[in-house]
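Printed here is coords_25.txt (compact mmCIF, C-alpha atoms):
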# COMPACT_ATOMS: atom_id res chain seq x y z
CA SER W 4 2.59 -6.14 36.40
CA GLU W 5 -0.77 -7.75 37.08
CA ARG W 6 -2.31 -4.33 37.61
CA ILE W 7 -3.67 -2.88 34.38
CA ASP W 8 -3.23 0.69 35.62
CA MET W 9 0.49 0.00 36.18
CA ARG W 10 0.81 -1.45 32.68
CA TYR W 11 -0.72 1.70 31.19
CA GLN W 12 1.62 3.80 33.30
CA TRP W 13 4.63 1.87 31.99
CA LEU W 14 3.43 2.11 28.37
CA SER W 15 2.77 5.83 28.72
CA ARG W 16 6.28 6.43 30.03
CA PHE W 17 7.81 4.30 27.28
CA LEU W 18 5.87 6.09 24.52
CA LEU W 19 6.96 9.46 25.84
CA THR W 20 10.64 8.46 25.69
CA GLU W 21 12.15 10.53 22.91
CA THR W 22 15.20 8.28 22.63
CA ALA W 23 13.07 5.29 21.51
CA ASP W 24 13.34 5.04 17.70
CA ASN W 25 10.47 2.92 16.39
CA ASP W 26 12.22 2.21 13.09
CA LYS W 27 15.38 0.98 14.82
CA VAL W 28 13.36 -1.15 17.23
CA MET W 29 11.41 -2.77 14.38
CA GLU W 30 14.29 -3.19 11.91
CA PRO W 31 15.60 -6.63 13.08
CA PHE W 32 12.05 -8.03 13.21
CA ALA W 33 11.21 -6.56 9.80
CA LYS W 34 14.38 -7.91 8.19
CA GLN W 35 13.65 -11.40 9.51
CA ALA W 36 9.98 -11.30 8.48
CA ILE W 37 10.88 -10.16 4.94
CA ALA W 38 13.59 -12.84 4.63
CA HIS W 39 11.14 -15.56 5.71
CA SER W 40 8.49 -14.32 3.28
CA CYS W 41 10.76 -14.92 0.27
CA GLU W 42 13.07 -17.73 1.43
CA LYS W 43 11.82 -20.10 -1.31
CA GLY W 44 11.87 -17.47 -4.02
CA GLU W 45 8.31 -16.26 -3.43
CA THR W 46 7.28 -12.73 -4.28
CA ILE W 47 7.43 -10.39 -1.28
CA VAL W 48 3.91 -9.03 -0.89
CA LEU W 49 3.75 -5.66 0.86
CA CYS W 50 0.48 -4.09 1.98
CA MET W 51 0.02 -0.38 2.58
CA ASP W 52 -2.97 0.63 4.65
CA GLN W 53 -4.26 3.58 6.63
CA THR W 54 -6.43 3.46 9.72
CA PHE W 55 -7.46 5.77 12.53
CA VAL W 56 -6.70 5.23 16.20
CA ASN W 57 -9.16 7.84 17.47
CA ASP W 58 -11.07 10.89 16.28
CA CYS W 59 -7.96 12.89 15.49
CA HIS W 60 -5.01 10.60 14.60
CA GLY W 61 -4.30 8.42 11.59
CA ILE W 62 -1.73 5.66 11.11
CA LEU W 63 -0.15 4.69 7.80
CA ALA W 64 1.30 1.17 8.08
CA LEU W 65 3.44 -0.90 5.73
CA SER W 66 3.10 -4.64 6.32
CA VAL W 67 4.44 -7.84 4.78
CA ARG W 68 2.20 -10.77 3.97
CA PHE W 69 3.29 -13.87 5.86
CA GLY W 70 1.05 -16.87 5.25
CA ASN W 71 -2.51 -15.67 5.72
CA ARG W 72 -1.53 -12.67 7.84
CA CYS W 73 -0.08 -9.22 7.35
CA LEU W 74 2.66 -8.34 9.80
CA PRO W 75 3.10 -4.57 10.35
CA LEU W 76 6.72 -3.56 9.83
CA PHE W 77 6.84 0.23 9.97
CA TRP W 78 4.33 3.03 10.38
CA ARG W 79 3.81 6.77 10.49
CA THR W 80 1.22 8.67 12.49
CA LYS W 81 -0.31 12.01 11.65
CA LYS W 82 -2.74 14.31 13.35
CA GLY W 83 -5.98 14.67 11.42
CA LEU W 84 -8.31 12.35 9.55
CA GLY W 85 -7.09 13.05 6.01
CA ASN W 86 -5.00 10.92 3.70
CA ILE W 87 -1.38 10.47 4.80
CA GLY W 88 0.44 11.45 1.63
CA PHE W 89 3.27 10.32 -0.58
CA PRO W 90 6.20 11.77 1.45
CA GLN W 91 5.32 9.46 4.37
CA GLN W 92 4.58 6.57 2.01
CA LYS W 93 8.02 7.01 0.45
CA GLU W 94 9.69 7.03 3.88
CA LEU W 95 8.19 3.64 4.71
CA LEU W 96 8.93 2.15 1.30
CA ASP W 97 12.54 3.37 1.37
CA ILE W 98 13.10 1.72 4.76
CA VAL W 99 11.64 -1.59 3.62
CA ALA W 100 13.52 -1.44 0.29
CA SER W 101 16.80 -1.29 2.21
CA LEU W 102 15.91 -4.63 3.90
CA ILE W 103 14.80 -6.57 0.82
CA PRO W 104 17.25 -9.22 -0.42
CA LYS W 105 18.84 -8.49 -3.78
CA ASN W 106 16.94 -9.67 -6.88
CA SER W 107 13.75 -10.35 -4.90
CA LYS W 108 10.38 -9.83 -6.57
CA VAL W 109 8.12 -7.35 -4.80
CA LEU W 110 4.37 -6.68 -5.12
CA LEU W 111 2.72 -3.74 -3.35
CA LEU W 112 -1.01 -3.83 -2.58
CA GLY W 113 -2.89 -0.65 -1.73
CA ASP W 114 -6.42 0.73 -1.59
CA ARG W 115 -7.76 3.95 -3.11
CA PHE W 116 -5.68 6.25 -0.91
CA TYR W 117 -2.57 5.15 -2.78
CA GLY W 118 -3.20 5.16 -6.52
CA SER W 119 -1.19 8.34 -7.02
CA VAL W 120 1.08 9.32 -9.87
CA GLU W 121 3.98 9.80 -7.45
CA LEU W 122 3.62 6.31 -5.99
CA ILE W 123 3.31 4.61 -9.37
CA ASN W 124 6.41 6.44 -10.63
CA TYR W 125 8.27 5.36 -7.48
CA LEU W 126 7.30 1.71 -7.99
CA HIS W 127 8.40 1.82 -11.63
CA ARG W 128 11.79 3.15 -10.57
CA ARG W 129 12.11 0.32 -8.03
CA ASN W 130 10.99 -2.22 -10.64
CA TRP W 131 8.29 -3.44 -8.26
CA ASP W 132 4.92 -4.78 -9.29
CA TYR W 133 1.77 -3.34 -7.77
CA ARG W 134 -1.99 -3.67 -7.47
CA LEU W 135 -3.39 -0.29 -6.51
CA ARG W 136 -7.09 0.31 -6.37
CA ILE W 137 -7.65 3.78 -7.74
CA LYS W 138 -10.45 6.31 -7.53
CA SER W 139 -13.05 6.84 -10.21
CA ASN W 140 -12.21 10.52 -10.77
CA ILE W 141 -8.69 10.14 -12.19
CA LEU W 142 -8.14 11.34 -15.75
CA VAL W 143 -6.88 8.71 -18.18
CA ASP W 144 -5.84 8.55 -21.82
CA THR W 145 -6.19 5.10 -23.38
CA GLY W 146 -4.92 6.20 -26.77
CA GLU W 147 -8.47 5.98 -28.11
CA ARG W 148 -10.26 8.21 -25.61
CA SER W 149 -9.63 10.65 -22.78
CA CYS W 150 -11.98 10.38 -19.80
CA THR W 151 -12.07 9.59 -16.09
CA THR W 152 -11.50 6.12 -14.69
CA GLY W 153 -15.16 6.14 -13.60
CA GLN W 154 -16.32 6.79 -17.16
CA LEU W 155 -14.01 4.02 -18.36
CA ALA W 156 -15.64 1.65 -15.88
CA MET W 157 -19.23 2.41 -16.93
CA ASN W 158 -21.17 -0.59 -18.25
CA VAL W 159 -18.26 -2.99 -17.82
CA SER W 160 -19.32 -6.56 -18.57
CA SER W 161 -19.01 -9.40 -16.04
CA GLU W 162 -15.81 -10.48 -17.81
CA GLY W 163 -14.22 -7.13 -17.03
CA ALA W 164 -12.34 -4.61 -19.16
CA TYR W 165 -8.58 -4.38 -19.52
CA PHE W 166 -6.42 -1.56 -20.77
CA LYS W 167 -2.68 -1.64 -21.48
CA ASP W 168 -0.36 1.36 -21.59
CA VAL W 169 -2.86 3.86 -20.22
CA PHE W 170 -1.65 7.32 -19.27
CA LEU W 171 -2.86 8.69 -15.94
CA THR W 172 -3.59 12.41 -15.53
CA ASN W 173 -1.82 15.17 -17.39
CA GLN W 174 1.49 13.94 -16.01
CA GLN W 175 1.40 11.06 -18.51
CA VAL W 176 2.28 8.26 -16.09
CA GLU W 177 1.95 4.95 -17.88
CA THR W 178 0.26 1.95 -16.26
CA ASN W 179 -2.16 -0.89 -17.02
CA LEU W 180 -5.75 -0.99 -15.75
CA GLY W 181 -8.03 -3.88 -14.92
CA ILE W 182 -11.70 -3.11 -14.25
CA VAL W 183 -14.15 -5.65 -12.85
CA HIS W 184 -17.64 -5.04 -11.49
CA GLU W 185 -18.49 -7.99 -9.27
CA LYS W 186 -22.07 -9.04 -8.77
CA ASN W 187 -23.75 -7.34 -5.79
CA HIS W 188 -20.81 -4.99 -5.34
CA PRO W 189 -21.89 -1.32 -5.37
CA GLU W 190 -19.03 -0.10 -7.55
CA PRO W 191 -16.42 -1.52 -9.91
CA TRP W 192 -12.89 -2.39 -8.91
CA ILE W 193 -10.43 -0.20 -10.83
CA ILE W 194 -6.95 -1.62 -10.35
CA ALA W 195 -3.69 -0.15 -11.64
CA MET W 196 -0.92 -2.69 -12.18
CA ARG W 197 2.39 -3.13 -13.87
CA THR W 198 1.67 -6.54 -15.37
CA THR W 199 -0.81 -7.37 -18.15
CA PRO W 200 -4.30 -7.21 -16.61
CA ASN W 201 -6.75 -10.12 -16.67
CA TYR W 202 -9.81 -11.24 -14.72
CA TYR W 203 -7.72 -13.00 -12.06

Could I get this structure in the form of structure tokens?
Amino acid sequence: SERIDMRYQWLSRFLLTETADNDKVMEPFAKQAIAHSCEKGETIVLCMDQTFVNDCHGILALSVRFGNRCLPLFWRTKKGLGNIGFPQQKELLDIVASLIPKNSKVLLLGDRFYGSVELINYLHRRNWDYRLRIKSNILVDTGERSCTTGQLAMNVSSEGAYFKDVFLTNQQVETNLGIVHEKNHPEPWIIAMRTTPNYY
């Protein structure tokens, strides 16, 4: 329809249709996008991100990197402006995991909402790599000292600081940390990862 009001009317009706299953609608597209992203043996790069559509609804989306873009595959919405937690994250990751070709390498990227013990444990079980920016108030044990990630990041040199086999929180989840404080950036980057950390 050329009339915008009619388009909105059609979209409103479609979105109210309880028989429309977003996951089923997106599955063929997602499977194809994932297959294309690793057709030459490349690592499948997944991005998890949360945004807000208005003053009272948040969206958690799981996307796949395709060239220089991220293509949203699946999402969950939730009323409220808080963090959408691990149960919803796991739902999205489980769906995508079922579409990933066997023996493919996977890397998950996520910002500070996602550096949780539960998520890191999940990724270890899946044998997926990850780069998760984590908050500065998480307790860590490096084997030499127990402190917060923020204290660990204090006075980091321009070359960065790197820690292998660090335990997060009292749950003793093992990971590696890379910490870099870029010039003119207000705070350091604290990144949890499965691989050996370095400046790159």

Set the distance at 9 Å and use all atoms listed in the file: which residues neighbour W:Leu74 once local chain neighbours fewer than 3 positions away are removed? I'd like the list as a PDB file with C-alpha atoms, keeping the file's coordinate frame.
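Result went into result30.pdb, see below:
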ATOM      1  CA  ALA W  33      11.210  -6.560   9.800  1.00  0.00           C
ATOM      2  CA  ALA W  36       9.980 -11.300   8.480  1.00  0.00           C
ATOM      3  CA  LEU W  65       3.440  -0.900   5.730  1.00  0.00           C
ATOM      4  CA  SER W  66       3.100  -4.640   6.320  1.00  0.00           C
ATOM      5  CA  VAL W  67       4.440  -7.840   4.780  1.00  0.00           C
ATOM      6  CA  ARG W  68       2.200 -10.770   3.970  1.00  0.00           C
ATOM      7  CA  PHE W  69       3.290 -13.870   5.860  1.00  0.00           C
TER       8      PHE W  69
END

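Using all atoms listed in the file, the shortest contact distance between W:His188 and any of W:Glu94, W:Ser161, W:Ser139, W:Leu155 is found at W:Ser161.
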
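Using all atoms listed in the file, the nearest neighbour of W:His39 within the list W:Asp114, W:Pro200, W:Ile194, W:Gly70 is W:Gly70.
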
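From atom CA of W:Gly113 back to atom CA of W:Glu190, the distance works out to 17.2 Å.
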
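You will find atom CA of W:Arg136 at 20.2 Å from atom CA of W:Lys108.
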
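Between W:Val109 and the residues W:Gly44, W:Gly85, W:Gly146, W:Gly61, the shortest atom-to-atom distance, using all atoms listed in the file, involves W:Gly44.
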
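The protein and nucleic acid residues lying at most 7 Å from W:Asp132 are Val109, Leu110, Leu111, Met196 and Arg197 of chain W, with all atoms listed in the file considered and sequence neighbours fewer than 5 positions away removed.
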
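Rounded to one decimal, atom CA of W:Gln174 and atom CA of W:Glu147 lie 17.6 Å from each other.
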
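Nearest to W:Val48 of all the residues W:Leu112, W:Asn106, W:Met29, W:Phe17 is W:Leu112, based on all atoms listed in the file.
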
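Counting all atoms listed in the file, the residue from W:Thr198, W:Thr80, W:Ser107, W:Thr152 that sits nearest to W:His127 is W:Thr198.
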
Could stretch 34-62 of chain W be completed with N, CA and C atoms and written as a tab-separated table (two decimals), in the frame of the given file, please?
chain	number	residue	atom	x	y	z
W	34	LYS	N	13.41	-7.23	9.07
W	34	LYS	CA	14.38	-7.91	8.19
W	34	LYS	C	14.14	-9.42	8.20
W	35	GLN	N	13.90	-9.96	9.39
W	35	GLN	CA	13.65	-11.40	9.51
W	35	GLN	C	12.33	-11.79	8.85
W	36	ALA	N	11.29	-11.00	9.06
W	36	ALA	CA	9.98	-11.30	8.48
W	36	ALA	C	10.04	-11.26	6.95
W	37	ILE	N	10.75	-10.27	6.40
W	37	ILE	CA	10.88	-10.16	4.94
W	37	ILE	C	11.67	-11.35	4.40
W	38	ALA	N	12.76	-11.71	5.08
W	38	ALA	CA	13.59	-12.84	4.63
W	38	ALA	C	12.77	-14.13	4.62
W	39	HIS	N	11.97	-14.35	5.65
W	39	HIS	CA	11.14	-15.56	5.71
W	39	HIS	C	10.09	-15.56	4.60
W	40	SER	N	9.58	-14.38	4.26
W	40	SER	CA	8.49	-14.32	3.28
W	40	SER	C	8.95	-14.66	1.87
W	41	CYS	N	10.27	-14.64	1.63
W	41	CYS	CA	10.76	-14.92	0.27
W	41	CYS	C	11.86	-15.98	0.26
W	42	GLU	N	11.95	-16.80	1.33
W	42	GLU	CA	13.07	-17.73	1.43
W	42	GLU	C	13.05	-18.82	0.36
W	43	LYS	N	11.89	-19.09	-0.24
W	43	LYS	CA	11.82	-20.10	-1.31
W	43	LYS	C	11.62	-19.45	-2.66
W	44	GLY	N	11.97	-18.19	-2.75
W	44	GLY	CA	11.87	-17.47	-4.02
W	44	GLY	C	10.52	-16.85	-4.27
W	45	GLU	N	9.63	-16.85	-3.26
W	45	GLU	CA	8.31	-16.26	-3.43
W	45	GLU	C	8.42	-14.75	-3.58
W	46	THR	N	7.39	-14.18	-4.19
W	46	THR	CA	7.28	-12.73	-4.28
W	46	THR	C	7.00	-12.15	-2.90
W	47	ILE	N	7.69	-11.10	-2.54
W	47	ILE	CA	7.43	-10.39	-1.28
W	47	ILE	C	6.20	-9.52	-1.50
W	48	VAL	N	5.14	-9.79	-0.74
W	48	VAL	CA	3.91	-9.03	-0.89
W	48	VAL	C	3.82	-8.02	0.25
W	49	LEU	N	3.87	-6.74	-0.11
W	49	LEU	CA	3.75	-5.66	0.86
W	49	LEU	C	2.35	-5.07	0.79
W	50	CYS	N	1.81	-4.69	1.93
W	50	CYS	CA	0.48	-4.09	1.98
W	50	CYS	C	0.57	-2.73	2.66
W	51	MET	N	0.05	-1.72	2.00
W	51	MET	CA	0.02	-0.38	2.58
W	51	MET	C	-1.42	-0.05	2.95
W	52	ASP	N	-1.61	0.38	4.19
W	52	ASP	CA	-2.97	0.63	4.65
W	52	ASP	C	-2.98	1.79	5.63
W	53	GLN	N	-4.10	2.48	5.69
W	53	GLN	CA	-4.26	3.58	6.63
W	53	GLN	C	-5.48	3.33	7.51
W	54	THR	N	-5.33	3.60	8.79
W	54	THR	CA	-6.43	3.46	9.72
W	54	THR	C	-6.39	4.61	10.71
W	55	PHE	N	-7.40	4.69	11.55
W	55	PHE	CA	-7.46	5.77	12.53
W	55	PHE	C	-7.53	5.18	13.93
W	56	VAL	N	-6.74	5.75	14.84
W	56	VAL	CA	-6.70	5.23	16.20
W	56	VAL	C	-7.71	5.93	17.10
W	57	ASN	N	-8.15	7.11	16.70
W	57	ASN	CA	-9.16	7.84	17.47
W	57	ASN	C	-9.76	8.90	16.54
W	58	ASP	N	-10.40	9.88	17.11
W	58	ASP	CA	-11.07	10.89	16.28
W	58	ASP	C	-10.12	11.91	15.66
W	59	CYS	N	-8.85	11.85	16.01
W	59	CYS	CA	-7.96	12.89	15.49
W	59	CYS	C	-6.56	12.40	15.08
W	60	HIS	N	-6.32	11.10	15.01
W	60	HIS	CA	-5.01	10.60	14.60
W	60	HIS	C	-5.15	9.44	13.62
W	61	GLY	N	-4.34	9.51	12.56
W	61	GLY	CA	-4.30	8.42	11.59
W	61	GLY	C	-2.96	7.72	11.62
W	62	ILE	N	-2.96	6.45	11.20
W	62	ILE	CA	-1.73	5.66	11.11
W	62	ILE	C	-1.63	5.10	9.70
